[in-house]
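A.B. asks: Questions regarding the structure given below will be posed in turn.
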Amino acid sequence: MPTLFTDPRSGGVKKSSGVNVLSIVAKTWAQVRDDSNVDVDWLIASFDGNSKTNVTVVASGSGGMEACAAALLENAACYGGLRLSSGRFVTFYYAPEDTPVMQRGRASMYKNGVLNVLEGSDREIDMKPGSTEDSI
């Protein structure tokens, strides 16, 4: 599912952001947002293998923000979203210091394209290992 952005220089014409968010990301996000599903309340997405443009789900589960923070990737940029205990939804982008420079730059450029797939979130948060709901 290629994502689009509006280039202000194009007079409002939508252009491709260059990232291809695989459909499993939207499907997993729908599970996170499903009130009757208690098995999944967070997801983490990142580049699919060695791909430079395909983004897929690399982890998902339950346990809230603490479990999601513990599952963050150690050497690759990632995106994600979760349900807070208040029932609100938030998204995040995380790039650890060990992320290769080119991947960090590419992931930063694709951030809006990926997070736009995670529809219905209230805001973006600063996520890092050890994060808790009390810290936001």
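Letters A, B, ... mark the chains of the structure tokens in the order given; residue numbers begin at 1 per chain; ligand numbers begin at 1, in order shown.
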Identify, on the basis of only C-alpha atoms, every residue whose closest approach to stretch 44-60 of chain A does not exceed 8 Å; exclude the query and any residue fewer than 5 positions from it along the same chain; express the result as a PyMOL selection string.
C.D. replies: chain A and resi 18-25+28+68+71-72+76-81+103+106+114
A.B. asks: Generate the output file for the selected residues, N, CA, C and O atoms, as a short mmCIF file (atom, residue, chain, number, x, y, z; two decimals), in the first residue's frame.
C.D. replies:
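Saved as out-v1.cif:
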data_model
loop_
_atom_site.label_atom_id
_atom_site.label_comp_id
_atom_site.auth_asym_id
_atom_site.auth_seq_id
_atom_site.Cartn_x
_atom_site.Cartn_y
_atom_site.Cartn_z
N GLY A 18 7.25 7.17 -1.47
CA GLY A 18 8.37 6.26 -1.72
C GLY A 18 8.37 5.03 -0.83
O GLY A 18 9.11 4.09 -1.07
N VAL A 19 7.55 5.02 0.20
CA VAL A 19 7.50 3.87 1.11
C VAL A 19 6.31 2.99 0.73
O VAL A 19 5.28 3.48 0.30
N ASN A 20 6.50 1.68 0.90
CA ASN A 20 5.43 0.72 0.64
C ASN A 20 5.10 0.02 1.95
O ASN A 20 5.83 -0.87 2.38
N VAL A 21 4.04 0.46 2.59
CA VAL A 21 3.62 -0.14 3.86
C VAL A 21 2.77 -1.36 3.53
O VAL A 21 1.69 -1.22 2.94
N LEU A 22 3.25 -2.54 3.89
CA LEU A 22 2.54 -3.77 3.57
C LEU A 22 1.20 -3.83 4.30
O LEU A 22 1.05 -3.28 5.41
N SER A 23 0.24 -4.51 3.72
CA SER A 23 -1.13 -4.54 4.26
C SER A 23 -1.21 -5.13 5.66
O SER A 23 -2.13 -4.82 6.41
N ILE A 24 -0.25 -5.97 6.04
CA ILE A 24 -0.26 -6.57 7.38
C ILE A 24 -0.16 -5.50 8.47
O ILE A 24 -0.68 -5.68 9.57
N VAL A 25 0.44 -4.36 8.15
CA VAL A 25 0.55 -3.27 9.14
C VAL A 25 -0.84 -2.72 9.44
O VAL A 25 -1.22 -2.58 10.62
N THR A 28 -2.89 -5.38 11.39
CA THR A 28 -2.50 -5.48 12.79
C THR A 28 -2.96 -4.26 13.57
O THR A 28 -3.40 -4.37 14.71
N CYS A 68 5.69 -3.00 24.89
CA CYS A 68 6.10 -2.46 23.60
C CYS A 68 7.51 -1.87 23.69
O CYS A 68 8.34 -2.12 22.82
N ALA A 71 10.18 -4.42 23.58
CA ALA A 71 10.33 -5.11 22.30
C ALA A 71 10.93 -4.24 21.20
O ALA A 71 11.10 -4.71 20.08
N LEU A 72 11.29 -2.99 21.52
CA LEU A 72 11.88 -2.12 20.50
C LEU A 72 13.14 -2.73 19.91
O LEU A 72 13.91 -3.40 20.63
N ALA A 76 17.85 -1.08 14.53
CA ALA A 76 17.13 -0.68 13.32
C ALA A 76 16.03 0.32 13.70
O ALA A 76 15.46 0.25 14.79
N ALA A 77 15.76 1.23 12.79
CA ALA A 77 14.68 2.19 13.00
C ALA A 77 13.35 1.47 12.94
O ALA A 77 13.19 0.49 12.21
N CYS A 78 12.39 1.93 13.73
CA CYS A 78 11.07 1.30 13.71
C CYS A 78 9.99 2.33 13.99
O CYS A 78 10.25 3.42 14.48
N TYR A 79 8.78 1.94 13.64
CA TYR A 79 7.58 2.75 13.83
C TYR A 79 6.60 1.90 14.63
O TYR A 79 6.70 0.68 14.65
N GLY A 80 5.64 2.52 15.27
CA GLY A 80 4.66 1.71 15.97
C GLY A 80 3.50 2.50 16.49
O GLY A 80 3.41 3.71 16.33
N GLY A 81 2.61 1.76 17.13
CA GLY A 81 1.44 2.36 17.73
C GLY A 81 0.95 1.46 18.85
O GLY A 81 1.24 0.26 18.87
N GLN A 103 19.99 4.14 6.88
CA GLN A 103 18.67 3.65 7.26
C GLN A 103 17.95 4.67 8.13
O GLN A 103 16.76 4.89 8.00
N ARG A 106 16.61 7.40 5.80
CA ARG A 106 15.50 6.90 5.00
C ARG A 106 14.25 6.72 5.88
O ARG A 106 13.15 7.11 5.50
N VAL A 114 4.40 6.15 6.91
CA VAL A 114 4.07 4.96 7.71
C VAL A 114 3.05 5.30 8.78
O VAL A 114 2.05 4.59 8.95
#
A.B. asks: Can you tell me, as an MDAnalysis selection string, which residues in stretch 57-135 of chain A count as strand (DSSP E or B) by DSSP?
C.D. replies: chainID A and resid 57:61 78:83 89:94 123:125
A.B. asks: May I have the residues within 12 Å of A:Gly64 as a list in words, using only C-alpha atoms and disregarding those fewer than 6 positions away in the same chain?
C.D. replies: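 The residues that qualify are Val32, Val38, Asp39, Val40, Asp41, Trp42, Leu43, Ala70, Ala71, Gly81, Leu82, Arg83, Leu84, Ser85, Ser86, Gly87, Arg88, Phe89, Val90, Ser131, Thr132 and Glu133 of chain A.
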A.B. asks: Quick one: of A:Gly63, A:Ser17, A:Pro100, A:Ala69, who's nearest to A:Asn112, counting only C-alpha atoms?
C.D. replies: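 Closest residue, counting only C-alpha atoms: A:Ser17.
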A.B. asks: Among the residues of chain A, find those DSSP assigns to alpha helix (DSSP H) from the backbone and print them as a PyMOL selection string.
C.D. replies: chain A and resi 23-33+64-70+101-115
A.B. asks: Please determine, counting only C-alpha atoms, which residue among A:Asn116, A:Lys128, A:Asp122, A:Met65 has the shortest atom-to-atom distance to A:Glu97.
C.D. replies: A:Lys128
A.B. asks: Just how far from atom CA of A:Glu74 is atom CA of A:Gly130, in Å to one decimal?
C.D. replies: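 We find that atom CA of A:Gly130 and atom CA of A:Glu74 lie 12.7 Å from each other.
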A.B. asks: Would you work out the distance separating atom CA of A:Glu124 from atom CA of A:Met102, expressed in Å to one decimal?
C.D. replies: 23.1 Å
